[in-house]
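Following: one structure in structure tokens, then a few remarks.
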Amino acid sequence: MKPTRTTCLVAAIVLTMASHARAQIDLSGEWASHTDEDQPHRVPGPELGDYTGLPVNDAARLKARSWDASVLSLPERQAQPHPATYSMRGPIPNIRLNKIVDPRSYALVGYSLTGLFGSADRTIWLDGRAHPSDVAEHTWSGFSTGTWEGQQLKVTTTHIKAGTLQRNGVPTSPEAVMTEYFIRHDQLLLVVSIVEDPAYLTEPLVRTQHFTWSPSQTQARPAPFEIVDEVPSHPASSVPSYPLGTLHEEFGKSHGLAYEATQGGAPTLLPEYVKRIRSGAAAAAPPVVGDRLARPPLPKPRTPRADVEVLPVRDGIHVLTTRTGNVTAQVSEDGVLLVDTGDSGDTERLSAAIRQLSTLPVTYIINTSADPEHTGGNEAFSTRGQDPGGNAPGNSGIRLGRAQIIAHEHVLQRMSAPSGQTSGRPFNAWPTSTYFTSKKTLFVGSDPLEIHAQAGRTDGDSIVFFRHADVISAGDIFMTDRYPVIDLAQGGSVQGVLDGLNHIIDLAIPRFNQQGGTLVIPGHGRLGNESDVVEYRDMLAIVSDRVRAMVAGGATLEQVKAARPTLDYDGVYGSDGGPWTTDMFVEAVYRDLSGHAPRGP
């Protein structure tokens with residue numbers, strides 16, 4: 001991003017203060033918030049349609065215009081705290097900074113920061129540790145590291161959940177990075193924050209927060225939010241949102257402002273823009289609905305991995321990230337259980353990674369779908385594996401002599417072939433045990449497993465719930481780096497994916513304020529928890545609502561694509577290349593909801 005006048009000014013102030021610094025200073029203590037800056041935006045909060053002072057792009061405006069405060073009444077949204085990109089601003093964060101000291105060397109290794117809304121406490125590490133892997137879990141607080149630049153502390157925060165920049169729906173994406181400067185002058189503390197977000201900002205957003213030293217300040221014990229039934233009989237797939245084309249003119253009219261001036265954007269932040277307003281050149285009315293909006297930068301192309309990254313999850317569960325997706329491995333005294341086996345080209349690298357986790361053989365394989373990216377290593381891992389012994393299909397006790405492969409019966413139908421025909425997949429890659437009911441159970445190691453049938457991408461999908469470890473392996477029902485894949489010819493559907501995501505949300509129980517607790521491993525992308533699944537579910541529900549409304553109005557596929565119903569999510573999930581593009585997703589949603597789709601058996 002190009003530096004603006006504002007960022008250059010902040011950098012100059014920061015460098016000037018650093019040049020006069022001689023040593024680190026103590027930031028610990030009780031600090032009371034001052035809301036002098038943007039007070040109406042912080043308490044009680046900004047009005048709908050007020051994006052002034054923000055360098056937002058069209059995707060951010062669309063997402064903000066669609067945001068309906070009623071979404072906060074959903075049980076899965078009620079307990080969400082503010083993300084790090086907003087938590088230092090309001091409402092009234094009276095904070096406490098405590099030193100974290102190494103018990104042996106007495107060296108200062110970090111600060112804990114408490115007193116934020118929703119108890120989204122932060123830790124700022126000063127010991128030089130690296131930020132986590134890009135497949136690691138994101139949190140509301142993010143992961144923060146600090147370095148001293150003279151007497152000011154520079155803090156860099158990554159791994160922040162999708163959230164908001166202010167409390168009227170202006171969004172931040174999981175790719176946002178925040179840089180802060182903590183500057184103390186006697187009993188005053190200035191925090192300068194700089195948020196960069198390629199999905200929703202055209203350049204860095206710079207804001208300041210002031211605090212005063214308040215030694216008599218106290219903090220109550222953090223209390224988790226209680227989930228209550230605010231809206232009875234709310235349909236699980238319904239997500240409150242304003243329809244495509246909503247513009248929120250109320251703010252500009254009530255304050256006598258030209259509509260253009262209320263919509264933010266980098267040009268409106270410059271002094272020269274005042275001349276445009278005074279001359280009457282600023283557009284007084286909103287644009288005609290349907291005007292083409294600028295597309296945000298798409299996520300960087302996914303570079304195929306040359307290795308397999310192993311990330312411990314919990315209680316012997318690991319996620320192994322390959323070139324083509326995620327494999328879940330459970331390691332126990334009974335051997336190794338795999339959820340999916342990756343593409344056939346990944347088998348040897350995957351085998352080497354598994355050997356680093358355990359010398360015991362693979363005894364179980366569970367396939368979440370028939371897709372080659374999930375079943376490509378079936379033959380190799382099954383034939384090299386070992387019969388689990390304790391469990392054999394049925395009550396006859398027939399031994400297999402190799403690792404058992406479990407999947408929904410539709411997976412077997414698609415990997416095999418009718419009598420007299422030749423299958424394109426080797427016999428030893430086929431499932432050895434299938435189920436056709438809503439759930440199959442299994443006990444492996446010390447963990448009871450539930451395998452849930454969940455038609456979504458296809459009609460043969462499964463999700464796997466490790467009940468003791470409290471981990472869900474979701475397959476392609478949930479992904480964090482692309483739009484949902486909906487294979488209509490194989491029985492997939494929009495409603496099927498929504499049902500699957502809602503089922504995961506029903507199974508998941510967050511530990512504290514919509515994070516922690518149940519962890520969810522996606523088929524592709526980073527580790528998540530319930531709130532990440534909620535974000536993905538909301539995206540699909542809102543996009544499908546938009547397309548459904550256009551279909552009801554008689555829109556053609558070309559007209560739906562031209563309306564860009566995914567614009568506000570393209571910077572997070574979009575792609576113009578590879579096996580699943582944004583156009584393919586929109587077309588699948590349109591054909592499903594309009595009834596113009598080939599249906600599989």
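Identifiers in the structure tokens: chain A, B, ... in order shown; residue index from 1 per chain; ligand index from 1 in order shown.
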Residues near Leu519 in chain A, cut-off 9 Å, only C-alpha atoms, skip fewer than 2 positions along chain, as a ChimeraX atom specification: /A:137,313-314,469-473,508,510,515-517,521,527-530
Any chance you can output those residues with N, CA and C atoms as an mmCIF file, in the first residue's frame?
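Below you can see out37.cif, which holds the result:
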data_model
loop_
_atom_site.group_PDB
_atom_site.id
_atom_site.type_symbol
_atom_site.label_atom_id
_atom_site.label_comp_id
_atom_site.auth_asym_id
_atom_site.auth_seq_id
_atom_site.Cartn_x
_atom_site.Cartn_y
_atom_site.Cartn_z
ATOM 1 N N GLU A 137 -4.825 -21.313 14.249
ATOM 2 C CA GLU A 137 -6.102 -20.711 14.607
ATOM 3 C C GLU A 137 -5.983 -19.197 14.766
ATOM 4 N N VAL A 313 -3.121 -30.147 17.274
ATOM 5 C CA VAL A 313 -4.413 -29.545 17.578
ATOM 6 C C VAL A 313 -4.755 -29.761 19.042
ATOM 7 N N ARG A 314 -4.966 -31.029 19.447
ATOM 8 C CA ARG A 314 -5.314 -31.308 20.837
ATOM 9 C C ARG A 314 -5.393 -32.821 21.054
ATOM 10 N N ALA A 469 -11.538 -35.344 22.522
ATOM 11 C CA ALA A 469 -10.632 -34.234 22.192
ATOM 12 C C ALA A 469 -11.403 -32.956 21.888
ATOM 13 N N ASP A 470 -12.693 -33.065 21.583
ATOM 14 C CA ASP A 470 -13.534 -31.931 21.215
ATOM 15 C C ASP A 470 -13.001 -31.246 19.959
ATOM 16 N N VAL A 471 -12.808 -32.063 18.912
ATOM 17 C CA VAL A 471 -12.299 -31.591 17.628
ATOM 18 C C VAL A 471 -13.204 -32.151 16.537
ATOM 19 N N ILE A 472 -13.555 -31.309 15.581
ATOM 20 C CA ILE A 472 -14.351 -31.726 14.432
ATOM 21 C C ILE A 472 -13.492 -31.619 13.177
ATOM 22 N N SER A 473 -13.432 -32.715 12.417
ATOM 23 C CA SER A 473 -12.790 -32.683 11.101
ATOM 24 C C SER A 473 -13.913 -32.561 10.082
ATOM 25 N N ALA A 508 -20.558 -27.778 18.066
ATOM 26 C CA ALA A 508 -19.456 -27.028 18.684
ATOM 27 C C ALA A 508 -19.944 -26.255 19.909
ATOM 28 N N PRO A 510 -18.196 -23.324 22.284
ATOM 29 C CA PRO A 510 -17.023 -22.504 22.615
ATOM 30 C C PRO A 510 -16.816 -22.452 24.116
ATOM 31 N N GLN A 515 -14.947 -18.431 21.456
ATOM 32 C CA GLN A 515 -13.707 -19.010 20.960
ATOM 33 C C GLN A 515 -13.224 -20.046 21.959
ATOM 34 N N GLY A 516 -12.142 -20.755 21.595
ATOM 35 C CA GLY A 516 -11.734 -21.879 22.409
ATOM 36 C C GLY A 516 -12.753 -22.998 22.275
ATOM 37 N N GLY A 517 -12.736 -23.939 23.204
ATOM 38 C CA GLY A 517 -13.691 -25.040 23.152
ATOM 39 C C GLY A 517 -13.468 -25.898 21.927
ATOM 40 N N ILE A 521 -11.355 -28.477 12.100
ATOM 41 C CA ILE A 521 -10.341 -28.593 11.047
ATOM 42 C C ILE A 521 -11.051 -28.551 9.695
ATOM 43 N N LEU A 527 -6.917 -23.699 10.765
ATOM 44 C CA LEU A 527 -7.682 -24.231 11.885
ATOM 45 C C LEU A 527 -8.667 -23.177 12.386
ATOM 46 N N GLY A 528 -9.887 -23.606 12.758
ATOM 47 C CA GLY A 528 -10.887 -22.661 13.219
ATOM 48 C C GLY A 528 -11.650 -23.160 14.423
ATOM 49 N N ASN A 529 -12.625 -22.384 14.838
ATOM 50 C CA ASN A 529 -13.559 -22.819 15.871
ATOM 51 C C ASN A 529 -14.957 -22.363 15.469
ATOM 52 N N GLU A 530 -15.910 -22.398 16.404
ATOM 53 C CA GLU A 530 -17.294 -22.149 16.034
ATOM 54 C C GLU A 530 -17.480 -20.806 15.334
#
Shell of 8 Å around Pro83 in chain A, only C-alpha atoms, local chain residues under 3 positions omitted, as a list in words: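 Skipping anything fewer than 3 positions along the chain leaves Tyr86, Ser87, Ala120, Thr139, Trp140, Ser141, Gly142, Ile160, Lys161, Ala162, Gly163 and Thr164 of chain A.
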Mind writing the picked residues with C-alpha atoms as a compact mmCIF listing (two decimals), in the first residue's frame?
# COMPACT_ATOMS: atom_id res chain seq x y z
CA TYR A 86 -11.39 -2.34 17.56
CA SER A 87 -11.12 -3.53 21.17
CA ALA A 120 -10.80 -10.36 24.80
CA THR A 139 -8.52 -15.39 17.74
CA TRP A 140 -10.30 -12.15 18.61
CA SER A 141 -7.12 -10.92 20.31
CA GLY A 142 -4.78 -12.07 17.58
CA ILE A 160 -7.07 -11.82 14.08
CA LYS A 161 -10.53 -13.20 13.37
CA ALA A 162 -12.77 -11.52 10.81
CA GLY A 163 -14.35 -8.63 12.66
CA THR A 164 -15.08 -4.94 12.52
Atomic distance CA of Leu188 in chain A - CA of Ala32 in chain A, expressed in Å with one decimal: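 CA of Ala32 in chain A lies at a distance of 9.6 Å from CA of Leu188 in chain A.
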Strand (DSSP E or B) positions in range 311-518 of chain A, given as JSON, numbers by chain: {"A": [311, 312, 313, 314, 317, 318, 319, 320, 321, 326, 327, 328, 329, 330, 331, 332, 335, 336, 337, 338, 339, 362, 363, 364, 365, 366, 404, 405, 406, 407, 408, 433, 434, 435, 439, 440, 441, 442, 443, 444, 447, 448, 449, 450, 451, 452, 453, 462, 463, 464, 465, 466, 471, 472, 473, 512, 515]}
Minimum-distance residue to Asp50 in chain A, chosen among A:Leu153, A:Met88, A:Leu116, A:Ala258 (using only C-alpha atoms):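 Of the candidates, the smallest distance to Asp50 in chain A is held by A:Ala258.
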All residues 12 Å or closer to Thr123 in chain A, only C-alpha atoms, same chain fewer than 5 positions away omitted, as a PyMOL selection string: chain A and resi 84+96-100+109-114+139-146+155-157
Restricting the output to C-alpha atoms, write the selected residues as an mmCIF file, in the first residue's frame.
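Saved as again-v7.cif:
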data_model
loop_
_atom_site.group_PDB
_atom_site.id
_atom_site.type_symbol
_atom_site.label_atom_id
_atom_site.label_comp_id
_atom_site.auth_asym_id
_atom_site.auth_seq_id
_atom_site.Cartn_x
_atom_site.Cartn_y
_atom_site.Cartn_z
ATOM 1 C CA ALA A 84 -8.139 -6.496 18.375
ATOM 2 C CA ARG A 96 -4.609 -3.000 32.921
ATOM 3 C CA LEU A 97 -1.089 -3.720 31.695
ATOM 4 C CA ASN A 98 0.709 -6.353 33.756
ATOM 5 C CA LYS A 99 4.321 -7.392 33.331
ATOM 6 C CA ILE A 100 5.093 -10.978 32.381
ATOM 7 C CA VAL A 109 9.163 -11.183 28.380
ATOM 8 C CA GLY A 110 5.781 -9.590 27.767
ATOM 9 C CA TYR A 111 2.746 -7.662 28.918
ATOM 10 C CA SER A 112 -0.773 -8.948 29.538
ATOM 11 C CA LEU A 113 -3.523 -6.491 28.641
ATOM 12 C CA THR A 114 -6.958 -6.876 30.257
ATOM 13 C CA THR A 139 -8.517 -15.389 17.738
ATOM 14 C CA TRP A 140 -10.299 -12.152 18.609
ATOM 15 C CA SER A 141 -7.124 -10.923 20.305
ATOM 16 C CA GLY A 142 -4.779 -12.072 17.579
ATOM 17 C CA PHE A 143 -1.114 -12.837 18.198
ATOM 18 C CA SER A 144 0.981 -9.837 19.254
ATOM 19 C CA THR A 145 4.732 -9.338 19.479
ATOM 20 C CA GLY A 146 6.529 -6.186 20.548
ATOM 21 C CA VAL A 155 3.439 -4.025 18.586
ATOM 22 C CA THR A 156 2.571 -6.163 15.555
ATOM 23 C CA THR A 157 -0.633 -8.239 15.670
#
Residues near Ser433 in chain A, cut-off 8 Å, only C-alpha atoms, skip fewer than 5 positions along chain, as number ranges by chain: A: 393, 404-407
Please list as a PDB file with N, CA and C atoms, in the first residue's frame every residue within 9 Å of range 435-441 of chain A, counting only C-alpha atoms and excluding residues in the same chain fewer than 4 positions away.
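Produced file part33.pdb, reproduced below:
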ATOM      1  N   ILE A 406     -13.523 -46.295   6.081  1.00  0.00           N
ATOM      2  CA  ILE A 406     -14.920 -46.056   6.420  1.00  0.00           C
ATOM      3  C   ILE A 406     -15.407 -44.815   5.674  1.00  0.00           C
ATOM      4  N   ALA A 407     -16.616 -44.907   5.100  1.00  0.00           N
ATOM      5  CA  ALA A 407     -17.190 -43.763   4.390  1.00  0.00           C
ATOM      6  C   ALA A 407     -18.678 -43.983   4.224  1.00  0.00           C
ATOM      7  N   HIS A 408     -19.371 -42.927   3.811  1.00  0.00           N
ATOM      8  CA  HIS A 408     -20.780 -43.049   3.471  1.00  0.00           C
ATOM      9  C   HIS A 408     -20.913 -43.955   2.253  1.00  0.00           C
ATOM     10  N   GLU A 409     -22.042 -44.654   2.139  1.00  0.00           N
ATOM     11  CA  GLU A 409     -22.196 -45.627   1.060  1.00  0.00           C
ATOM     12  C   GLU A 409     -22.135 -44.974  -0.329  1.00  0.00           C
ATOM     13  N   HIS A 410     -22.485 -43.692  -0.443  1.00  0.00           N
ATOM     14  CA  HIS A 410     -22.402 -43.030  -1.742  1.00  0.00           C
ATOM     15  C   HIS A 410     -20.955 -42.879  -2.197  1.00  0.00           C
ATOM     16  N   PRO A 448     -14.156 -41.478  21.814  1.00  0.00           N
ATOM     17  CA  PRO A 448     -15.349 -41.893  21.070  1.00  0.00           C
ATOM     18  C   PRO A 448     -15.547 -40.990  19.862  1.00  0.00           C
ATOM     19  N   LEU A 449     -15.740 -41.587  18.699  1.00  0.00           N
ATOM     20  CA  LEU A 449     -15.881 -40.831  17.449  1.00  0.00           C
ATOM     21  C   LEU A 449     -17.311 -40.928  16.953  1.00  0.00           C
ATOM     22  N   GLU A 450     -17.809 -39.810  16.417  1.00  0.00           N
ATOM     23  CA  GLU A 450     -19.084 -39.788  15.718  1.00  0.00           C
ATOM     24  C   GLU A 450     -18.810 -39.382  14.271  1.00  0.00           C
ATOM     25  N   ILE A 451     -19.264 -40.218  13.340  1.00  0.00           N
ATOM     26  CA  ILE A 451     -19.152 -39.899  11.915  1.00  0.00           C
ATOM     27  C   ILE A 451     -20.554 -39.537  11.440  1.00  0.00           C
ATOM     28  N   HIS A 452     -20.735 -38.280  11.049  1.00  0.00           N
ATOM     29  CA  HIS A 452     -22.061 -37.768  10.699  1.00  0.00           C
ATOM     30  C   HIS A 452     -22.205 -37.657   9.187  1.00  0.00           C
ATOM     31  N   ALA A 453     -23.264 -38.237   8.643  1.00  0.00           N
ATOM     32  CA  ALA A 453     -23.586 -38.043   7.230  1.00  0.00           C
ATOM     33  C   ALA A 453     -24.063 -36.616   7.036  1.00  0.00           C
ATOM     34  N   GLN A 454     -23.461 -35.907   6.074  1.00  0.00           N
ATOM     35  CA  GLN A 454     -23.837 -34.511   5.886  1.00  0.00           C
ATOM     36  C   GLN A 454     -23.710 -34.138   4.420  1.00  0.00           C
TER      37      GLN A 454
END
Residues within 10 Å of Thr268 in chain A, only C-alpha atoms, excluding chain neighbours under 6 positions, as a list in words: Thr52, Gly53, Leu54, Pro55, Glu260, Ala261, Thr262, Val274, Arg276, Ile277 and Ala282 of chain A
Residue nearest Val560 in chain A - candidates A:Gln495, A:Thr35, A:Thr202, A:Ser594, atoms counted: only C-alpha atoms: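 Between A:Gln495, A:Thr35, A:Thr202, A:Ser594, the residue approaching Val560 in chain A most closely is A:Ser594.
You can rank A:Pro418, A:Pro565, A:Pro271, A:Pro91 by their closest distance to Val586 in chain A using only C-alpha atoms, and at the top of that list sits A:Pro565.
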Using DSSP on the backbone coordinates, identify the residues of range 307-404 of chain A assigned to helix (DSSP H, G or I); present them as a PDB file with N, CA and C atoms, in the first residue's frame.
ATOM      1  N   SER A 344      -3.004 -38.444  -4.404  1.00  0.00           N
ATOM      2  CA  SER A 344      -2.017 -39.524  -4.543  1.00  0.00           C
ATOM      3  C   SER A 344      -0.592 -38.985  -4.665  1.00  0.00           C
ATOM      4  N   GLY A 345      -0.432 -37.781  -5.199  1.00  0.00           N
ATOM      5  CA  GLY A 345       0.905 -37.212  -5.318  1.00  0.00           C
ATOM      6  C   GLY A 345       1.518 -36.795  -4.003  1.00  0.00           C
ATOM      7  N   ASP A 346       0.707 -36.758  -2.937  1.00  0.00           N
ATOM      8  CA  ASP A 346       1.199 -36.353  -1.620  1.00  0.00           C
ATOM      9  C   ASP A 346       1.515 -37.537  -0.709  1.00  0.00           C
ATOM     10  N   THR A 347       1.287 -38.753  -1.177  1.00  0.00           N
ATOM     11  CA  THR A 347       1.314 -39.920  -0.285  1.00  0.00           C
ATOM     12  C   THR A 347       2.655 -40.102   0.411  1.00  0.00           C
ATOM     13  N   GLU A 348       3.747 -40.019  -0.312  1.00  0.00           N
ATOM     14  CA  GLU A 348       5.050 -40.295   0.306  1.00  0.00           C
ATOM     15  C   GLU A 348       5.421 -39.213   1.315  1.00  0.00           C
ATOM     16  N   ARG A 349       5.176 -37.947   0.977  1.00  0.00           N
ATOM     17  CA  ARG A 349       5.465 -36.871   1.928  1.00  0.00           C
ATOM     18  C   ARG A 349       4.566 -36.989   3.156  1.00  0.00           C
ATOM     19  N   LEU A 350       3.319 -37.368   2.926  1.00  0.00           N
ATOM     20  CA  LEU A 350       2.383 -37.540   4.030  1.00  0.00           C
ATOM     21  C   LEU A 350       2.806 -38.701   4.920  1.00  0.00           C
ATOM     22  N   SER A 351       3.265 -39.784   4.315  1.00  0.00           N
ATOM     23  CA  SER A 351       3.747 -40.943   5.089  1.00  0.00           C
ATOM     24  C   SER A 351       4.930 -40.557   5.969  1.00  0.00           C
ATOM     25  N   ALA A 352       5.842 -39.774   5.408  1.00  0.00           N
ATOM     26  CA  ALA A 352       7.013 -39.357   6.183  1.00  0.00           C
ATOM     27  C   ALA A 352       6.602 -38.485   7.364  1.00  0.00           C
ATOM     28  N   ALA A 353       5.626 -37.605   7.155  1.00  0.00           N
ATOM     29  CA  ALA A 353       5.163 -36.740   8.242  1.00  0.00           C
ATOM     30  C   ALA A 353       4.481 -37.563   9.325  1.00  0.00           C
ATOM     31  N   ILE A 354       3.711 -38.575   8.943  1.00  0.00           N
ATOM     32  CA  ILE A 354       3.021 -39.416   9.925  1.00  0.00           C
ATOM     33  C   ILE A 354       4.026 -40.224  10.733  1.00  0.00           C
ATOM     34  N   ARG A 355       5.090 -40.687  10.094  1.00  0.00           N
ATOM     35  CA  ARG A 355       6.120 -41.456  10.823  1.00  0.00           C
ATOM     36  C   ARG A 355       6.803 -40.610  11.890  1.00  0.00           C
ATOM     37  N   GLN A 356       6.836 -39.299  11.696  1.00  0.00           N
ATOM     38  CA  GLN A 356       7.405 -38.435  12.724  1.00  0.00           C
ATOM     39  C   GLN A 356       6.491 -38.342  13.942  1.00  0.00           C
ATOM     40  N   LEU A 357       5.194 -38.621  13.746  1.00  0.00           N
ATOM     41  CA  LEU A 357       4.233 -38.558  14.843  1.00  0.00           C
ATOM     42  C   LEU A 357       4.125 -39.885  15.584  1.00  0.00           C
ATOM     43  N   PRO A 372     -10.895 -37.164  -5.261  1.00  0.00           N
ATOM     44  CA  PRO A 372      -9.506 -37.658  -5.266  1.00  0.00           C
ATOM     45  C   PRO A 372      -8.578 -36.910  -4.323  1.00  0.00           C
ATOM     46  N   GLU A 373      -8.880 -35.620  -4.020  1.00  0.00           N
ATOM     47  CA  GLU A 373      -8.053 -34.886  -3.073  1.00  0.00           C
ATOM     48  C   GLU A 373      -8.216 -35.418  -1.649  1.00  0.00           C
ATOM     49  N   HIS A 374      -9.267 -36.201  -1.409  1.00  0.00           N
ATOM     50  CA  HIS A 374      -9.517 -36.754  -0.082  1.00  0.00           C
ATOM     51  C   HIS A 374      -9.248 -38.254  -0.014  1.00  0.00           C
ATOM     52  N   THR A 375      -9.213 -38.914  -1.168  1.00  0.00           N
ATOM     53  CA  THR A 375      -9.093 -40.376  -1.188  1.00  0.00           C
ATOM     54  C   THR A 375      -7.887 -40.875  -1.978  1.00  0.00           C
ATOM     55  N   ASN A 378      -5.713 -43.559  -0.336  1.00  0.00           N
ATOM     56  CA  ASN A 378      -6.407 -44.671   0.310  1.00  0.00           C
ATOM     57  C   ASN A 378      -5.686 -46.005   0.132  1.00  0.00           C
ATOM     58  N   GLU A 379      -5.367 -46.351  -1.124  1.00  0.00           N
ATOM     59  CA  GLU A 379      -4.780 -47.661  -1.397  1.00  0.00           C
ATOM     60  C   GLU A 379      -3.456 -47.829  -0.658  1.00  0.00           C
ATOM     61  N   ALA A 380      -2.581 -46.844  -0.765  1.00  0.00           N
ATOM     62  CA  ALA A 380      -1.258 -46.959  -0.143  1.00  0.00           C
ATOM     63  C   ALA A 380      -1.359 -47.061   1.373  1.00  0.00           C
ATOM     64  N   PHE A 381      -2.141 -46.196   1.995  1.00  0.00           N
ATOM     65  CA  PHE A 381      -2.208 -46.207   3.462  1.00  0.00           C
ATOM     66  C   PHE A 381      -2.963 -47.422   3.990  1.00  0.00           C
ATOM     67  N   SER A 382      -3.951 -47.900   3.246  1.00  0.00           N
ATOM     68  CA  SER A 382      -4.683 -49.076   3.701  1.00  0.00           C
ATOM     69  C   SER A 382      -3.835 -50.338   3.592  1.00  0.00           C
ATOM     70  N   THR A 383      -3.181 -50.533   2.444  1.00  0.00           N
ATOM     71  CA  THR A 383      -2.401 -51.762   2.254  1.00  0.00           C
ATOM     72  C   THR A 383      -1.138 -51.787   3.110  1.00  0.00           C
ATOM     73  N   ARG A 384      -0.571 -50.621   3.402  1.00  0.00           N
ATOM     74  CA  ARG A 384       0.602 -50.567   4.283  1.00  0.00           C
ATOM     75  C   ARG A 384       0.193 -50.608   5.748  1.00  0.00           C
TER      76      ARG A 384
END
Identify, on the basis of only C-alpha atoms, every residue whose closest approach to Ala79 in chain A does not exceed 12 Å; exclude the query and any residue fewer than 5 positions from it along the same chain; express the result as a tab-separated table (two decimals) with N, CA and C atoms, in the first residue's frame.
chain	number	residue	atom	x	y	z
A	71	VAL	N	-28.37	-9.37	13.63
A	71	VAL	CA	-27.53	-10.58	13.58
A	71	VAL	C	-26.93	-10.89	14.95
A	72	LEU	N	-26.79	-9.86	15.79
A	72	LEU	CA	-26.22	-10.05	17.12
A	72	LEU	C	-27.17	-10.79	18.05
A	73	SER	N	-28.42	-10.97	17.63
A	73	SER	CA	-29.37	-11.72	18.45
A	73	SER	C	-29.23	-13.22	18.24
A	74	LEU	N	-28.53	-13.64	17.18
A	74	LEU	CA	-28.35	-15.07	16.95
A	74	LEU	C	-27.52	-15.66	18.09
A	117	PHE	N	-13.60	-5.08	26.15
A	117	PHE	CA	-14.97	-5.55	26.05
A	117	PHE	C	-15.00	-7.04	25.70
A	118	GLY	N	-15.81	-7.79	26.46
A	118	GLY	CA	-15.90	-9.22	26.22
A	118	GLY	C	-14.72	-9.98	26.74
A	119	SER	N	-13.86	-9.33	27.52
A	119	SER	CA	-12.67	-9.98	28.08
A	119	SER	C	-11.79	-10.60	26.99
A	120	ALA	N	-11.69	-9.89	25.88
A	120	ALA	CA	-10.80	-10.36	24.80
A	120	ALA	C	-9.37	-9.96	25.13
A	140	TRP	N	-9.88	-13.55	18.56
A	140	TRP	CA	-10.30	-12.15	18.61
A	140	TRP	C	-9.13	-11.25	18.99
A	223	ALA	N	-16.47	-12.19	33.28
A	223	ALA	CA	-17.64	-13.07	33.28
A	223	ALA	C	-17.99	-13.40	31.83
A	224	PRO	N	-18.14	-14.68	31.51
A	224	PRO	CA	-18.52	-15.03	30.14
A	224	PRO	C	-19.94	-14.58	29.84
A	225	PHE	N	-20.18	-14.21	28.58
A	225	PHE	CA	-21.54	-13.86	28.18
A	225	PHE	C	-22.41	-15.11	28.21
A	226	GLU	N	-23.64	-14.96	28.66
A	226	GLU	CA	-24.57	-16.09	28.64
A	226	GLU	C	-25.41	-16.03	27.38
A	227	ILE	N	-25.51	-17.16	26.69
A	227	ILE	CA	-26.32	-17.24	25.48
A	227	ILE	C	-27.78	-17.40	25.88
A	228	VAL	N	-28.65	-16.57	25.34
A	228	VAL	CA	-30.08	-16.64	25.66
A	228	VAL	C	-30.89	-16.70	24.36
A	509	ILE	N	-19.11	-26.25	20.94
A	509	ILE	CA	-19.40	-25.46	22.15
A	509	ILE	C	-18.15	-24.64	22.46
A	510	PRO	N	-18.20	-23.32	22.28
A	510	PRO	CA	-17.02	-22.50	22.61
A	510	PRO	C	-16.82	-22.45	24.12
A	511	ARG	N	-15.54	-22.33	24.52
A	511	ARG	CA	-15.24	-22.32	25.95
A	511	ARG	C	-15.54	-20.97	26.58
A	512	PHE	N	-15.16	-19.90	25.87
A	512	PHE	CA	-15.30	-18.57	26.46
A	512	PHE	C	-15.50	-17.56	25.35
A	513	ASN	N	-16.65	-16.91	25.38
A	513	ASN	CA	-16.92	-15.79	24.47
A	513	ASN	C	-16.63	-16.11	23.00
A	514	GLN	N	-17.24	-17.20	22.55
A	514	GLN	CA	-17.22	-17.60	21.15
A	514	GLN	C	-15.83	-17.95	20.62
A	515	GLN	N	-14.95	-18.43	21.46
A	515	GLN	CA	-13.71	-19.01	20.96
A	515	GLN	C	-13.22	-20.05	21.96
A	530	GLU	N	-15.91	-22.40	16.40
A	530	GLU	CA	-17.29	-22.15	16.03
A	530	GLU	C	-17.48	-20.81	15.33
A	531	SER	N	-16.86	-19.75	15.82
A	531	SER	CA	-17.10	-18.42	15.25
A	531	SER	C	-16.62	-18.34	13.80
For CA of Pro431 in chain A and CA of Leu412 in chain A, the interatomic separation in Å (one decimal):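 Separation of CA of Pro431 in chain A and CA of Leu412 in chain A: 5.8 Å.
What separates CA of Thr363 in chain A from CA of Leu501 in chain A is a distance of 28.7 Å.
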